[in-house]
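Listing of start36.cif, mmCIF, C-alpha atoms
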data_target
#
loop_
_atom_site.label_atom_id
_atom_site.label_comp_id
_atom_site.auth_asym_id
_atom_site.auth_seq_id
_atom_site.Cartn_x
_atom_site.Cartn_y
_atom_site.Cartn_z
CA MET U 1 -27.29 -46.95 30.07
CA PRO U 2 -24.96 -47.34 33.07
CA VAL U 3 -21.20 -47.39 32.80
CA SER U 4 -19.95 -50.85 31.94
CA THR U 5 -18.52 -52.54 35.02
CA HIS U 6 -16.38 -54.67 32.72
CA SER U 7 -14.30 -51.76 31.47
CA GLN U 8 -10.90 -51.55 33.12
CA ARG U 9 -10.19 -48.18 31.62
CA PRO U 10 -10.46 -44.89 33.51
CA VAL U 11 -13.90 -43.33 33.08
CA ALA U 12 -14.60 -39.93 31.52
CA LEU U 13 -18.03 -38.29 31.42
CA VAL U 14 -18.54 -35.63 28.73
CA THR U 15 -21.65 -33.46 28.57
CA GLY U 16 -22.76 -31.96 25.27
CA ALA U 17 -21.11 -34.95 23.62
CA SER U 18 -23.31 -35.22 20.54
CA ARG U 19 -21.75 -32.37 18.58
CA GLY U 20 -19.15 -29.62 18.42
CA ILE U 21 -16.43 -29.43 21.04
CA GLY U 22 -18.09 -32.07 23.21
CA ARG U 23 -18.05 -34.60 20.38
CA ALA U 24 -14.39 -33.86 19.62
CA VAL U 25 -13.41 -34.18 23.29
CA ALA U 26 -15.31 -37.45 23.69
CA THR U 27 -13.74 -38.90 20.55
CA ASP U 28 -10.26 -37.95 21.71
CA LEU U 29 -10.68 -39.30 25.25
CA ALA U 30 -12.14 -42.55 23.92
CA ALA U 31 -8.64 -43.60 22.87
CA THR U 32 -7.75 -44.17 26.53
CA HIS U 33 -10.97 -43.96 28.56
CA HIS U 34 -14.40 -45.46 28.81
CA VAL U 35 -16.44 -42.42 27.82
CA VAL U 36 -19.93 -41.71 29.13
CA LEU U 37 -21.61 -39.65 26.42
CA VAL U 38 -24.13 -37.22 27.90
CA GLY U 39 -26.71 -35.21 25.99
CA ARG U 40 -30.40 -34.77 25.27
CA THR U 41 -30.62 -36.62 21.94
CA GLU U 42 -30.29 -40.38 22.27
CA ASP U 43 -29.96 -41.08 18.54
CA ALA U 44 -27.03 -38.71 18.11
CA LEU U 45 -25.27 -40.11 21.19
CA ALA U 46 -25.85 -43.69 20.07
CA GLU U 47 -24.44 -42.88 16.63
CA LEU U 48 -21.24 -41.58 18.21
CA ALA U 49 -21.01 -44.45 20.71
CA ALA U 50 -21.11 -46.93 17.82
CA GLN U 51 -17.96 -45.32 16.42
CA LEU U 52 -16.00 -45.56 19.66
CA ASP U 53 -14.29 -48.58 21.18
CA ASP U 54 -15.58 -48.17 24.72
CA ALA U 55 -18.50 -45.83 25.34
CA SER U 56 -21.92 -45.69 26.93
CA VAL U 57 -24.84 -43.29 26.51
CA LEU U 58 -26.51 -41.29 29.26
CA VAL U 59 -29.46 -39.21 28.10
CA LEU U 60 -30.21 -36.25 30.35
CA ASP U 61 -30.76 -32.52 30.25
CA VAL U 62 -28.16 -30.83 32.41
CA ALA U 63 -30.43 -27.81 32.86
CA ASP U 64 -33.31 -29.93 34.18
CA GLY U 65 -32.93 -31.01 37.81
CA GLU U 66 -35.58 -33.72 37.49
CA SER U 67 -33.74 -35.19 34.50
CA VAL U 68 -30.52 -35.32 36.51
CA ASP U 69 -32.38 -36.79 39.50
CA ALA U 70 -33.60 -39.65 37.33
CA ALA U 71 -30.23 -40.39 35.72
CA GLU U 72 -28.04 -43.33 36.70
CA LEU U 73 -24.75 -41.51 37.21
CA PRO U 74 -21.47 -43.42 37.21
CA VAL U 75 -20.11 -44.47 40.61
CA ARG U 76 -16.57 -44.49 39.25
CA LEU U 77 -15.25 -41.38 37.51
CA ASP U 78 -11.80 -40.07 36.64
CA VAL U 79 -12.58 -37.17 34.32
CA LEU U 80 -15.61 -34.86 34.09
CA VAL U 81 -15.78 -32.54 31.08
CA HIS U 82 -18.59 -29.97 30.90
CA CYS U 83 -19.21 -29.03 27.26
CA ALA U 84 -22.98 -28.57 27.27
CA GLY U 85 -23.92 -24.93 27.02
CA THR U 86 -25.81 -22.22 25.20
CA SER U 87 -24.70 -18.91 23.69
CA GLY U 88 -26.22 -15.76 22.30
CA GLY U 89 -28.86 -13.41 23.56
CA PRO U 90 -30.11 -9.89 22.81
CA ASP U 91 -28.89 -6.58 24.17
CA VAL U 92 -29.71 -5.92 27.82
CA ILE U 93 -32.64 -3.65 26.97
CA ASP U 94 -34.35 -6.50 25.11
CA THR U 95 -33.50 -9.33 27.52
CA THR U 96 -36.22 -10.97 29.59
CA ARG U 97 -35.88 -12.50 33.03
CA GLU U 98 -36.65 -15.91 31.52
CA GLN U 99 -33.78 -15.59 29.06
CA TRP U 100 -31.39 -14.82 31.90
CA ARG U 101 -32.74 -17.74 33.92
CA SER U 102 -32.58 -20.22 31.04
CA ALA U 103 -28.96 -19.42 30.20
CA PHE U 104 -27.81 -19.64 33.82
CA GLU U 105 -29.65 -22.95 34.33
CA LEU U 106 -27.59 -24.62 31.61
CA ASN U 107 -24.28 -22.78 31.69
CA VAL U 108 -23.90 -22.46 35.47
CA PHE U 109 -26.51 -24.07 37.72
CA GLY U 110 -26.57 -27.36 35.83
CA VAL U 111 -22.78 -27.53 35.79
CA ALA U 112 -22.54 -26.87 39.53
CA ASP U 113 -25.27 -29.37 40.39
CA LEU U 114 -23.89 -32.22 38.28
CA THR U 115 -20.36 -31.58 39.52
CA ALA U 116 -21.49 -31.72 43.16
CA ARG U 117 -23.23 -35.05 42.57
CA LEU U 118 -20.11 -36.53 40.98
CA LEU U 119 -17.54 -35.13 43.43
CA PRO U 120 -17.45 -38.22 45.69
CA ALA U 121 -16.41 -40.38 42.73
CA LEU U 122 -13.94 -37.75 41.53
CA ARG U 123 -12.40 -37.49 44.99
CA GLU U 124 -11.99 -41.25 45.16
CA ALA U 125 -10.16 -41.23 41.82
CA LYS U 126 -8.32 -37.94 42.45
CA GLY U 127 -9.85 -36.96 39.16
CA THR U 128 -10.01 -33.93 36.90
CA VAL U 129 -12.89 -31.53 36.20
CA VAL U 130 -12.72 -29.62 32.92
CA LEU U 131 -15.03 -26.62 32.49
CA MET U 132 -15.45 -25.59 28.86
CA ASN U 133 -15.64 -21.84 29.21
CA SER U 134 -15.07 -19.20 26.52
CA GLY U 135 -13.14 -16.11 25.66
CA ALA U 136 -16.36 -14.44 26.83
CA GLY U 137 -15.44 -15.62 30.32
CA LEU U 138 -12.31 -13.44 30.20
CA PHE U 139 -13.64 -10.26 28.60
CA SER U 140 -17.02 -8.82 27.64
CA THR U 141 -18.34 -7.20 24.47
CA ALA U 142 -21.52 -5.34 23.53
CA GLY U 143 -24.39 -7.70 22.84
CA GLY U 144 -22.92 -10.48 24.93
CA SER U 145 -24.35 -9.72 28.35
CA ILE U 146 -26.11 -13.05 28.97
CA TYR U 147 -23.37 -15.28 27.60
CA SER U 148 -20.51 -13.37 29.22
CA ALA U 149 -22.30 -13.21 32.55
CA THR U 150 -22.75 -16.98 32.61
CA LYS U 151 -19.16 -17.59 31.56
CA PHE U 152 -17.73 -15.18 34.13
CA ALA U 153 -19.85 -16.98 36.73
CA LEU U 154 -18.58 -20.34 35.48
CA ARG U 155 -15.00 -19.12 35.75
CA THR U 156 -15.57 -18.03 39.35
CA PHE U 157 -17.23 -21.37 40.11
CA GLY U 158 -14.18 -23.15 38.75
CA ASP U 159 -11.79 -21.01 40.77
CA CYS U 160 -13.71 -21.67 44.00
CA LEU U 161 -14.11 -25.39 43.31
CA ARG U 162 -10.40 -25.71 42.61
CA GLU U 163 -9.49 -24.27 46.01
CA GLU U 164 -12.13 -26.32 47.83
CA GLU U 165 -10.93 -29.56 46.23
CA ARG U 166 -7.18 -28.92 46.18
CA GLU U 167 -6.52 -30.95 49.34
CA ASN U 168 -8.79 -33.72 48.02
CA GLY U 169 -6.59 -34.15 44.96
CA VAL U 170 -9.27 -33.10 42.45
CA ARG U 171 -7.92 -30.87 39.69
CA VAL U 172 -10.13 -28.19 38.11
CA VAL U 173 -9.32 -26.73 34.70
CA SER U 174 -11.07 -23.86 32.89
CA VAL U 175 -10.63 -23.90 29.10
CA HIS U 176 -11.34 -20.64 27.28
CA PRO U 177 -11.59 -21.13 23.50
CA GLY U 178 -11.86 -18.32 21.02
CA PHE U 179 -14.13 -18.74 17.99
CA VAL U 180 -14.40 -22.46 17.22
CA ASP U 181 -15.59 -23.98 13.92
CA THR U 182 -18.86 -25.38 15.28
CA ASP U 183 -22.51 -24.48 14.79
CA MET U 184 -22.34 -22.32 17.91
CA GLY U 185 -19.08 -20.66 16.90
CA ARG U 186 -20.23 -19.87 13.37
CA SER U 187 -23.50 -18.35 14.60
CA GLY U 188 -21.55 -16.32 17.15
CA ILE U 189 -19.74 -14.38 14.43
CA GLY U 190 -22.62 -14.16 12.04
CA GLY U 191 -21.75 -17.28 10.07
CA ASP U 192 -19.26 -15.36 7.90
CA GLY U 193 -17.92 -18.55 6.30
CA HIS U 194 -14.26 -18.25 7.30
CA PRO U 195 -13.37 -21.51 9.10
CA GLU U 196 -9.68 -20.75 8.49
CA ARG U 197 -10.11 -17.95 11.03
CA MET U 198 -11.59 -20.26 13.63
CA ILE U 199 -10.18 -23.06 15.78
CA ALA U 200 -10.97 -26.67 14.92
CA PRO U 201 -12.89 -28.52 17.68
CA GLU U 202 -10.13 -31.13 17.65
CA THR U 203 -7.65 -28.45 18.69
CA ILE U 204 -9.71 -27.71 21.79
CA ALA U 205 -9.92 -31.45 22.44
CA ALA U 206 -6.10 -31.56 22.31
CA ALA U 207 -5.97 -28.83 24.97
CA VAL U 208 -8.30 -30.88 27.17
CA ARG U 209 -6.12 -33.94 26.59
CA THR U 210 -3.05 -31.98 27.73
CA ALA U 211 -4.80 -31.04 30.98
CA VAL U 212 -6.08 -34.56 31.60
CA ASP U 213 -2.73 -36.23 30.90
CA ALA U 214 -0.61 -33.81 32.95
CA PRO U 215 1.24 -35.44 35.85
CA HIS U 216 -0.99 -35.28 38.90
CA GLU U 217 1.52 -33.14 40.78
CA ALA U 218 0.43 -30.22 38.59
CA GLN U 219 -2.68 -28.82 36.97
CA PHE U 220 -3.40 -26.44 34.13
CA GLU U 221 -5.74 -24.11 35.98
CA THR U 222 -6.65 -21.89 33.02
CA ILE U 223 -6.11 -22.60 29.31
CA SER U 224 -6.87 -19.87 26.77
CA VAL U 225 -6.87 -20.95 23.10
CA ARG U 226 -7.24 -18.14 20.57
CA PRO U 227 -7.35 -18.18 16.76
CA THR U 228 -4.12 -17.23 15.04
CA LEU U 229 -6.03 -15.04 12.57
CA SER U 230 -8.62 -12.49 13.62
CA PRO U 231 -12.21 -13.63 12.86
CA LYS U 232 -12.84 -10.12 11.51
CA GLY U 233 -9.75 -10.10 9.29
#
Could you take the file, read its structure, and then write that structure out as structure tokens?
Amino acid sequence: MPVSTHSQRPVALVTGASRGIGRAVATDLAATHHVVLVGRTEDALAELAAQLDDASVLVLDVADGESVDAAELPVRLDVLVHCAGTSGGPDVIDTTREQWRSAFELNVFGVADLTARLLPALREAKGTVVLMNSGAGLFSTAGGSIYSATKFALRTFGDCLREEERENGVRVVSVHPGFVDTDMGRSGIGGDGHPERMIAPETIAAAVRTAVDAPHEAQFETISVRPTLSPKG
């Protein structure tokens, strides 16, 4: 479904919008933007769109180049938020080449490709790109080789993109959440059932909102949001 040409609001495209942080970000931005909800599951996206005042659905798989090729991307765009991603993976000794490739396709290659396709519209609007990274993009731990490698790569991509687009007026923000109370976050710490020791997705959405609403003379280049209580406490 293409972006409505009747909407006078600024346009925000959010990947991974059907659940977790992506859903929270899309819901928050919908208060002021026409939101393009991107994901692989049309029913889930349509269910969310029905709850929002001004939203459209774009079904595509960010990790699949042919899916992106076939998509009708918006020609007007003010905000791009990348929330689609995958986590987890075995220790290095048990990791296959295909597992490395699959994680990088979604967490890095798909992000870079979709961003490049949307840069002309973002330049026209002097827009903002938000990369949903992770604490794993700032430091590594045992058992996190695949995920951390993709997130470190995503951080470097964001740093390079920011410098390339600085004179074009496009802002690039990397958001690094700690453990978030989502399906992915709970599985990441073994599902120990302590949401009070995790961050609510709406809190991460508030951080994104702060970056998006900042006066254009400035940008929040890196935002790290950590739980107040230790997940292992």
Mind telling me what the PyMOL selection byres ((chain U and resi 55) around 12) catches here, as a PyMOL selection string?
chain U and resi 1-7+9-14+17+26-38+45-54+56-58
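Across the model, the gap from atom CA of U:Pro90 to atom CA of U:Arg197 is 24.6 Å.
Using all atoms listed in the file, the nearest neighbour of U:Ala142 within the list U:Val225, U:Ala63, U:Ile93, U:Leu154 is U:Ile93.
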Using all atoms listed in the file, pick whichever of U:Ser18, U:Asn168, U:Thr41, U:Ser224 has the shortest atom-to-atom distance to U:Ala125.
U:Asn168
Which residue gives the smallest distance to U:Ile146 among U:Glu98, U:Asp43, U:Asp78, U:Asp113, with only C-alpha atoms counted?
U:Glu98
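You will find atom CA of U:Arg23 at 11.5 Å from atom CA of U:His82.
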Nearest-residue call for U:Gln8, choices U:Ile199, U:Val208, U:Val170, U:Leu77, using all atoms listed in the file:
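The shortest atom-to-atom distance to U:Gln8 comes from U:Leu77.
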Would you write out, as number ranges by chain, every residue that the PyMOL selection byres ((chain U and resi 166) around 12) captures in this file?
U: 123, 126-129, 158-165, 167-173, 216-219, 221
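Candidate residues U:Leu114, U:Leu80, U:Ala136, U:Leu229 were compared for distance to U:Asp64, and the nearest is U:Leu114, using all atoms listed in the file.
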Suppose a student applies the PyMOL selection byres ((chain U and resi 138) around 12) to this structure; what residues should they get, written as a list in words?
Asn133, Ser134, Gly135, Ala136, Gly137, Phe139, Ser140, Thr141, Tyr147, Ser148, Ala149, Thr150, Lys151, Phe152, Ala153, Leu154, Arg155, Thr156, Ser174, Val175, His176, Pro177, Gly178, Thr222, Ile223, Ser224, Val225 and Arg226 of chain U
Could you work out how far atom CA of U:Leu119 lies from atom CA of U:Ser67, giving the answer in Å with one decimal?
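If I compute the distance from atom CA of U:Ser67 to atom CA of U:Leu119, I get 18.5 Å.
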May I ask which of the residues U:Gly144, U:Ala24, U:Phe179, U:Pro227 is the closest one to U:Val81, counting all atoms listed in the file?
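Smallest distance to U:Val81 is found for U:Ala24.
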Using all atoms listed in the file, which protein or nucleic acid residues come within 10 Å of U:Leu106? Drop anything in the same chain fewer than 5 positions from it, and give the result as a list in words.
Asp61, Val62, Ala63, Asp64, Ala84, Gly85, Thr86, Arg101, Val111, Ala112 and Thr150 of chain U
